file structure_35.txt (compact mmCIF, C-alpha atoms (C1' of nucleotides))
# COMPACT_ATOMS: atom_id res chain seq x y z
CA MET A 1294 14.05 -4.21 9.52
CA LYS A 1295 12.11 -3.02 6.52
CA SER A 1296 11.70 -5.49 3.71
CA ASP A 1297 11.86 -4.68 0.03
CA LEU A 1298 8.44 -6.26 -0.08
CA ASP A 1299 7.05 -3.24 1.74
CA ALA A 1300 8.22 -0.91 -1.00
CA ILE A 1301 7.21 -3.21 -3.83
CA PHE A 1302 3.73 -4.06 -2.63
CA SER A 1303 2.92 -0.50 -1.65
CA ALA A 1304 4.18 0.73 -5.02
CA LEU A 1305 1.89 -1.80 -6.70
CA ALA A 1306 -1.08 -0.81 -4.55
CA ASP A 1307 -1.81 2.29 -6.62
CA PRO A 1308 -3.74 1.92 -9.89
CA THR A 1309 -1.95 4.81 -11.57
CA ARG A 1310 1.39 3.17 -10.86
CA ARG A 1311 0.19 -0.21 -12.10
CA ALA A 1312 -1.03 1.45 -15.27
CA ILE A 1313 2.35 3.08 -15.74
CA LEU A 1314 4.09 -0.28 -15.39
CA THR A 1315 1.70 -1.74 -17.92
CA MET A 1316 2.49 1.03 -20.39
CA LEU A 1317 6.19 0.38 -19.90
CA LEU A 1318 5.69 -3.24 -20.93
CA GLU A 1319 5.44 -1.91 -24.47
CA ASP A 1320 8.56 0.19 -24.49
CA ASP A 1321 10.68 2.67 -22.58
CA MET A 1322 9.04 6.07 -22.31
CA ALA A 1323 9.86 9.67 -21.47
CA VAL A 1324 8.26 11.14 -18.35
CA THR A 1325 6.08 13.51 -20.36
CA ASP A 1326 4.80 10.66 -22.50
CA VAL A 1327 4.08 8.54 -19.45
CA ALA A 1328 2.00 11.41 -18.08
CA GLU A 1329 0.06 12.06 -21.26
CA PRO A 1330 -2.86 9.61 -20.82
CA PHE A 1331 -3.49 10.63 -17.21
CA GLU A 1332 -5.49 13.58 -16.03
CA ILE A 1333 -3.27 14.43 -13.12
CA SER A 1334 -0.42 16.89 -13.10
CA LEU A 1335 3.04 16.13 -14.37
CA ALA A 1336 4.36 16.68 -10.86
CA ALA A 1337 2.09 13.94 -9.56
CA ILE A 1338 3.35 11.56 -12.24
CA SER A 1339 6.89 12.51 -11.34
CA LYS A 1340 6.20 11.48 -7.75
CA HIS A 1341 4.70 8.17 -8.85
CA LEU A 1342 7.77 7.51 -10.96
CA SER A 1343 10.09 8.18 -8.07
CA ILE A 1344 8.12 5.76 -5.89
CA LEU A 1345 8.42 3.12 -8.61
CA THR A 1346 12.12 3.87 -8.86
CA ARG A 1347 12.66 3.56 -5.11
CA ALA A 1348 10.91 0.20 -5.24
CA GLY A 1349 13.24 -0.83 -8.05
CA LEU A 1350 10.35 -1.51 -10.40
CA ILE A 1351 11.60 0.95 -12.99
CA SER A 1352 14.87 2.72 -13.69
CA GLN A 1353 15.24 6.25 -15.00
CA GLU A 1354 18.01 7.59 -17.16
CA LYS A 1355 18.38 11.16 -18.34
CA ARG A 1356 19.52 11.65 -21.91
CA GLY A 1357 19.61 15.27 -22.91
CA ARG A 1358 16.63 16.96 -21.32
CA VAL A 1359 14.51 13.85 -21.58
CA LYS A 1360 14.35 11.32 -18.76
CA TRP A 1361 13.64 7.80 -19.96
CA CYS A 1362 11.77 5.25 -17.85
CA ARG A 1363 12.42 1.54 -18.25
CA LEU A 1364 10.56 -1.34 -16.67
CA GLU A 1365 12.68 -3.52 -14.35
CA PRO A 1366 10.56 -6.64 -14.04
CA GLU A 1367 13.19 -8.55 -12.05
CA ALA A 1368 12.31 -6.38 -9.07
CA MET A 1369 8.97 -8.15 -8.93
CA ARG A 1370 10.54 -11.53 -8.55
CA GLU A 1371 10.85 -11.50 -4.78
CA ALA A 1372 7.25 -10.43 -4.32
CA SER A 1373 6.01 -12.85 -6.93
CA VAL A 1374 7.79 -15.76 -5.30
CA TRP A 1375 6.43 -14.72 -1.92
CA MET A 1376 2.88 -14.79 -3.25
CA GLN A 1377 3.30 -18.08 -5.05
CA GLY A 1378 4.31 -19.65 -1.77
CA PHE A 1379 0.74 -19.19 -0.66
CA GLY A 1380 -1.10 -20.60 -3.55
CA GLN A 1381 0.79 -22.70 -6.07
CA PHE A 1382 -0.97 -20.64 -8.70
CA ASP A 1383 -0.83 -21.53 -12.36
CA PRO A 1384 2.42 -20.10 -13.56
CA VAL A 1385 2.12 -17.49 -16.27
CA ASP A 1386 -1.45 -17.91 -17.35
CA LEU A 1387 -1.35 -15.26 -20.02
CA ASP A 1388 -5.01 -15.50 -20.89
CA HIS A 1389 -5.87 -14.54 -17.36
CA PHE A 1390 -3.27 -11.83 -17.49
CA GLU A 1391 -4.70 -10.20 -20.56
CA ARG A 1392 -8.15 -10.13 -19.10
CA PHE A 1393 -6.83 -8.43 -15.99
CA LEU A 1394 -4.98 -5.92 -18.09
CA GLU A 1395 -8.15 -5.08 -19.94
CA ARG A 1396 -10.01 -4.64 -16.70
CA GLU A 1397 -7.27 -2.39 -15.34
CA LEU A 1398 -6.86 -0.22 -18.41
CA GLY A 1399 -10.24 -0.23 -20.02
CA GLY A 1400 -12.21 0.09 -16.79
CA MET B 1255 -13.03 2.00 -10.97
CA LYS B 1256 -11.20 0.53 -8.02
CA SER B 1257 -9.62 -2.82 -8.61
CA ASP B 1258 -9.38 -5.67 -6.14
CA LEU B 1259 -5.68 -5.38 -6.79
CA ASP B 1260 -5.66 -2.11 -4.84
CA ALA B 1261 -6.97 -3.82 -1.74
CA ILE B 1262 -4.79 -6.88 -2.11
CA PHE B 1263 -1.50 -5.12 -2.78
CA SER B 1264 -2.04 -2.54 -0.08
CA ALA B 1265 -2.98 -5.28 2.39
CA LEU B 1266 0.25 -7.06 1.51
CA ALA B 1267 2.30 -3.89 1.85
CA ASP B 1268 2.37 -4.09 5.66
CA PRO B 1269 4.88 -6.43 7.32
CA THR B 1270 2.60 -7.19 10.26
CA ARG B 1271 -0.10 -8.34 7.88
CA ARG B 1272 2.32 -10.44 5.85
CA ALA B 1273 3.49 -12.06 9.06
CA ILE B 1274 -0.11 -12.82 10.01
CA LEU B 1275 -0.71 -14.49 6.66
CA THR B 1276 2.44 -16.53 7.13
CA MET B 1277 1.26 -17.68 10.54
CA LEU B 1278 -2.05 -18.69 9.03
CA LEU B 1279 -0.25 -20.94 6.54
CA GLU B 1280 0.18 -23.31 9.48
CA ASP B 1281 -3.37 -23.41 10.66
CA ASP B 1282 -6.49 -21.40 11.41
CA MET B 1283 -6.11 -19.21 14.48
CA ALA B 1284 -8.19 -17.23 16.95
CA VAL B 1285 -7.73 -13.46 16.96
CA THR B 1286 -6.12 -13.50 20.40
CA ASP B 1287 -3.61 -16.12 19.30
CA VAL B 1288 -2.81 -14.19 16.15
CA ALA B 1289 -2.04 -11.19 18.31
CA GLU B 1290 0.14 -13.01 20.81
CA PRO B 1291 3.56 -12.79 19.08
CA PHE B 1292 3.17 -9.08 18.29
CA GLU B 1293 3.88 -6.23 20.62
CA ILE B 1294 1.01 -4.08 19.47
CA SER B 1295 -2.45 -3.90 20.98
CA LEU B 1296 -5.17 -6.37 20.28
CA ALA B 1297 -7.23 -3.58 18.77
CA ALA B 1298 -4.47 -2.91 16.24
CA ILE B 1299 -4.39 -6.58 15.29
CA SER B 1300 -8.15 -6.52 14.94
CA LYS B 1301 -7.82 -3.67 12.45
CA HIS B 1302 -5.18 -5.54 10.48
CA LEU B 1303 -7.43 -8.56 10.34
CA SER B 1304 -10.32 -6.53 9.03
CA ILE B 1305 -8.10 -5.08 6.31
CA LEU B 1306 -7.04 -8.61 5.35
CA THR B 1307 -10.68 -9.66 5.37
CA ARG B 1308 -11.75 -6.75 3.17
CA ALA B 1309 -9.03 -7.77 0.72
CA GLY B 1310 -10.36 -11.31 0.78
CA LEU B 1311 -7.03 -12.71 1.91
CA ILE B 1312 -8.53 -14.26 5.03
CA SER B 1313 -12.01 -15.13 6.22
CA GLN B 1314 -13.25 -14.86 9.76
CA GLU B 1315 -15.87 -17.01 11.39
CA LYS B 1316 -17.16 -16.60 14.90
CA ARG B 1317 -17.70 -19.79 16.88
CA GLY B 1318 -18.78 -19.11 20.40
CA ARG B 1319 -16.95 -16.08 21.61
CA VAL B 1320 -13.88 -16.96 19.57
CA LYS B 1321 -13.38 -15.59 16.07
CA TRP B 1322 -11.34 -17.89 13.86
CA CYS B 1323 -9.17 -16.63 11.05
CA ARG B 1324 -8.51 -18.73 7.97
CA LEU B 1325 -6.15 -18.04 5.12
CA GLU B 1326 -7.83 -17.64 1.72
CA PRO B 1327 -4.93 -18.07 -0.67
CA GLU B 1328 -7.13 -18.01 -3.76
CA ALA B 1329 -7.54 -14.28 -3.22
CA MET B 1330 -3.90 -13.86 -4.14
CA ARG B 1331 -4.35 -15.48 -7.49
CA GLU B 1332 -5.37 -12.36 -9.37
CA ALA B 1333 -2.44 -10.38 -8.00
CA SER B 1334 -0.03 -13.23 -8.53
CA VAL B 1335 -1.08 -13.64 -12.14
CA TRP B 1336 -0.79 -9.91 -12.65
CA MET B 1337 2.79 -9.94 -11.42
CA GLN B 1338 3.75 -13.00 -13.38
CA GLY B 1339 2.69 -11.23 -16.55
CA PHE B 1340 5.67 -8.95 -16.05
CA GLY B 1341 8.36 -11.46 -15.47
CA GLN B 1342 7.73 -15.09 -16.27
CA PHE B 1343 9.25 -15.85 -12.89
CA ASP B 1344 10.10 -19.34 -11.79
CA PRO B 1345 6.84 -20.84 -10.65
CA VAL B 1346 6.74 -21.95 -7.04
CA ASP B 1347 10.40 -21.98 -6.17
CA LEU B 1348 9.94 -23.11 -2.61
CA ASP B 1349 13.57 -22.81 -1.66
CA HIS B 1350 13.43 -19.15 -2.50
CA PHE B 1351 10.19 -18.87 -0.64
CA GLU B 1352 11.55 -20.31 2.57
CA ARG B 1353 14.50 -17.96 2.53
CA PHE B 1354 12.18 -15.00 2.14
CA LEU B 1355 10.03 -16.26 4.96
CA GLU B 1356 13.04 -16.45 7.23
CA ARG B 1357 14.06 -12.95 6.30
CA GLU B 1358 10.55 -11.68 6.97
CA LEU B 1359 10.02 -13.42 10.26
CA GLY B 1360 13.48 -13.66 11.69
CA GLY B 1361 14.47 -10.12 10.72
C1' DC C 771 21.06 35.36 -26.22
C1' DG C 772 16.13 34.29 -25.56
C1' DG C 773 12.32 31.36 -25.60
C1' DA C 774 10.20 26.89 -25.35
C1' DT C 775 10.28 22.28 -23.50
C1' DC C 776 11.30 18.69 -19.85
C1' DG C 777 11.19 17.62 -15.32
C1' DT C 778 11.69 18.38 -10.27
C1' DC C 779 11.17 20.94 -5.98
C1' DA C 780 8.66 23.22 -2.23
C1' DA C 781 4.72 24.36 0.13
C1' DC C 782 0.37 23.25 0.99
C1' DC C 783 -4.17 20.52 1.61
C1' DA C 784 -7.29 16.53 2.37
C1' DT C 785 -7.50 11.95 3.42
C1' DG C 786 -5.89 7.42 4.90
C1' DT C 787 -3.16 4.47 7.94
C1' DG C 788 -1.19 2.43 12.04
C1' DG C 789 -1.03 2.98 16.51
C1' DT C 790 -2.95 4.09 21.29
C1' DT C 791 -6.47 3.90 25.22
C1' DG C 792 -10.87 3.13 27.40
C1' DA C 793 -15.47 1.70 27.03
C1' DA C 794 -18.65 -1.50 25.24
C1' DC C 795 -20.62 -5.85 23.65
C1' DA C 796 -20.96 -10.95 23.47
C1' DT C 797 -20.23 -15.28 25.25
C1' DG C 798 -18.79 -18.99 28.38
C1' DC C 799 -18.28 -20.59 33.21
C1' DG C 800 -18.78 -21.22 38.34
C1' DC D 458 -26.68 -14.24 38.22
C1' DG D 459 -22.04 -12.34 38.08
C1' DC D 460 -17.48 -12.39 36.57
C1' DA D 461 -13.81 -13.38 33.31
C1' DT D 462 -12.58 -13.83 28.46
C1' DG D 463 -12.62 -12.56 23.49
C1' DT D 464 -13.23 -9.00 20.31
C1' DT D 465 -14.65 -4.70 18.48
C1' DC D 466 -15.86 0.27 18.66
C1' DA D 467 -14.88 5.20 19.24
C1' DA D 468 -12.05 8.90 19.82
C1' DC D 469 -7.80 10.48 19.30
C1' DC D 470 -2.79 11.25 17.59
C1' DA D 471 1.28 11.25 14.43
C1' DC D 472 2.61 10.50 10.12
C1' DA D 473 2.40 9.02 5.10
C1' DT D 474 0.18 9.51 0.66
C1' DG D 475 -1.76 11.54 -3.48
C1' DG D 476 -3.02 15.49 -5.22
C1' DT D 477 -2.52 20.65 -6.33
C1' DT D 478 0.04 25.05 -7.88
C1' DG D 479 3.95 28.01 -8.75
C1' DA D 480 8.72 28.64 -9.06
C1' DC D 481 12.88 26.84 -10.51
C1' DG D 482 16.94 24.40 -13.03
C1' DA D 483 18.39 22.25 -17.17
C1' DT D 484 18.56 21.57 -21.93
C1' DC D 485 17.68 22.25 -26.79
C1' DC D 486 16.70 25.37 -30.71
C1' DG D 487 16.13 29.60 -33.61
call {"tool": "encode", "arguments": {"input": "structure_35.txt", "output": "structure tokens"}}
result
Amino acid sequence: MKSDLDAIFSALADPTRRAILTMLLEDDMAVTDVAEPFEISLAAISKHLSILTRAGLISQEKRGRVKWCRLEPEAMREASVWMQGFGQFDPVDLDHFERFLERELGG
Amino acid sequence: MKSDLDAIFSALADPTRRAILTMLLEDDMAVTDVAEPFEISLAAISKHLSILTRAGLISQEKRGRVKWCRLEPEAMREASVWMQGFGQFDPVDLDHFERFLERELGG
DNA sequence: CGGATCGTCAACCATGTGGTTGAACATGCG
DNA sequence: CGCATGTTCAACCACATGGTTGACGATCCG
């Protein structure tokens, strides 16, 4: 009995994958463009993307020879609700969020 | 540059550990009592608890020969805020939460 | 067609994780 | 003291993960 939460939380546990999701907040991207800022191989990025896809956090669609990646934020809902059950955290404190983004990306 | 989010999300990625956190919502518990409902060894539970402690999700305090475990829900705040930045999810929908709990525990 | 670009696959390696068992340590109790 | 209880440690095992490289399939373009 394996919960979706397993896949979602373990997908989110990797900083490269979180950074990819953050990039996809801006816009859909091709696999090659997703890989560009990272120093690891394209194959490694491809694996990360398939883990994110299995978790439902992104979707991928091939158009021509380019495969486009799109963020699927709804997939985070279940996990987000689970976490909120523990803390009654401030909903959507975007100031906080931006600071965390900076720490993640600029670190 | 390893974020706290790494530790928190990967701690949450294991169903045994999520179940432990859920149990601790009720009340603080001794290690032996935490272990009781699971079919794995006490040593395995002890490892899970130290992972949760490293992530800051629980604290442990030894009183006598008994080590008490307490939920530290504030540790989830950073991760929760991070996730909410992606979705603007309903804050604290407790009905949802209880259904997810049932699915997790009763599964 | 032929070459360049986009992306995945397969094999491999190092490391981490979740589990086990058995020994050890620490503390409370008769 | 001596034994039972509570918890961790150490060694080990099987398997997953994140990375590599090289070959490959697919698509566009000249």
call {"tool": "closest_residue", "arguments": {"input": "structure_35.txt", "among": "A:Ala1312, A:Leu1345, A:Ile1301, A:Ala1337", "to": "chain D", "atoms": "all atoms listed in the file"}}
result
A:Ala1337
call {"tool": "residues_around", "arguments": {"input": "structure_35.txt", "residues": "C:DG772", "least_positions_apart": "2", "cutoff": "12 Å", "atoms": "only C-alpha atoms (C1' of nucleotides)", "output": "ChimeraX atom specification"}}
result
/C:774 /D:486-487
call {"tool": "residues_around", "arguments": {"input": "structure_35.txt", "residues": "D:DG475", "least_positions_apart": "5", "cutoff": "10 Å", "atoms": "only C-alpha atoms (C1' of nucleotides)", "output": "PyMOL selection string"}}
result
(chain A and resi 1307+1337+1340-1341) or (chain C and resi 784-785)
call {"tool": "closest_residue", "arguments": {"input": "structure_35.txt", "among": "A:Ala1328, A:Ser1334, A:Glu1319, A:Arg1356", "to": "D:DT484", "atoms": "all atoms listed in the file"}}
result
A:Arg1356
call {"tool": "interface_residues", "arguments": {"input": "structure_35.txt", "of": "chain D", "to": "chain A", "cutoff": "10 Å", "atoms": "only C-alpha atoms (C1' of nucleotides)", "output": "MDAnalysis selection string"}}
result
chainID D and resid 475:478 483:485
call {"tool": "atom_distance", "arguments": {"input": "structure_35.txt", "atom1": "atom CA of B:Val1335", "atom2": "atom CA of A:Ala1372"}}
result
11.9 Å
call {"tool": "atom_distance", "arguments": {"input": "structure_35.txt", "atom1": "atom C1' of D:DA468", "atom2": "atom CA of B:Pro1291"}}
result
26.7 Å
call {"tool": "closest_residue", "arguments": {"input": "structure_35.txt", "among": "A:Asp1297, A:Asp1321, A:Glu1365, A:Asp1326", "to": "chain C", "atoms": "only C-alpha atoms (C1' of nucleotides)"}}
result
A:Asp1326
call {"tool": "atom_distance", "arguments": {"input": "structure_35.txt", "atom1": "atom CA of A:Trp1361", "atom2": "atom CA of B:Gln1338"}}
result
24.0 Å
call {"tool": "closest_atom_pairs", "arguments": {"input": "structure_35.txt", "of": "chain C", "to": "chain A", "cutoff": "8 Å", "atoms": "all atoms listed in the file", "output": "tab-separated table"}}
result
residue	atom	partner	partner_atom	distance
C:DC776	C1'	A:Arg1358	CA	5.8
C:DG777	C1'	A:Val1324	CA	7.7
C:DT778	C1'	A:Ala1336	CA	7.5
call {"tool": "residues_around", "arguments": {"input": "structure_35.txt", "residues": "D:DA480", "least_positions_apart": "3", "cutoff": "12 Å", "atoms": "all atoms listed in the file", "output": "NGL selection string"}}
result
:C and (778-781)
call {"tool": "decode", "arguments": {"input": "structure_35.txt", "residues": "stretch 458-482 of chain D", "atoms": "C-alpha atoms (C1' of nucleotides)", "output": "CSV table (one decimal), in the first residue's frame"}}
result
chain,number,residue,atom,x,y,z
D,458,DC,C1',24.2,-6.2,44.3
D,459,DG,C1',21.9,-8.5,40.4
D,460,DC,C1',18.4,-8.7,37.1
D,461,DA,C1',15.0,-6.8,34.0
D,462,DT,C1',13.8,-3.0,31.0
D,463,DG,C1',14.7,0.7,27.6
D,464,DT,C1',17.5,2.1,23.9
D,465,DT,C1',21.4,2.4,21.0
D,466,DC,C1',25.6,0.6,18.6
D,467,DA,C1',28.0,-2.2,15.2
D,468,DA,C1',28.2,-5.2,11.6
D,469,DC,C1',26.0,-6.9,7.9
D,470,DC,C1',22.8,-7.5,3.7
D,471,DA,C1',19.7,-6.2,-0.2
D,472,DC,C1',18.2,-2.7,-2.8
D,473,DA,C1',17.5,2.2,-4.4
D,474,DT,C1',19.5,6.6,-5.8
D,475,DG,C1',22.4,9.9,-8.3
D,476,DG,C1',25.9,10.2,-11.0
D,477,DT,C1',28.9,8.8,-15.2
D,478,DT,C1',29.8,7.4,-20.3
D,479,DG,C1',28.8,5.6,-24.8
D,480,DA,C1',25.6,4.0,-28.0
D,481,DC,C1',21.3,4.5,-29.9
D,482,DG,C1',16.6,6.3,-31.9
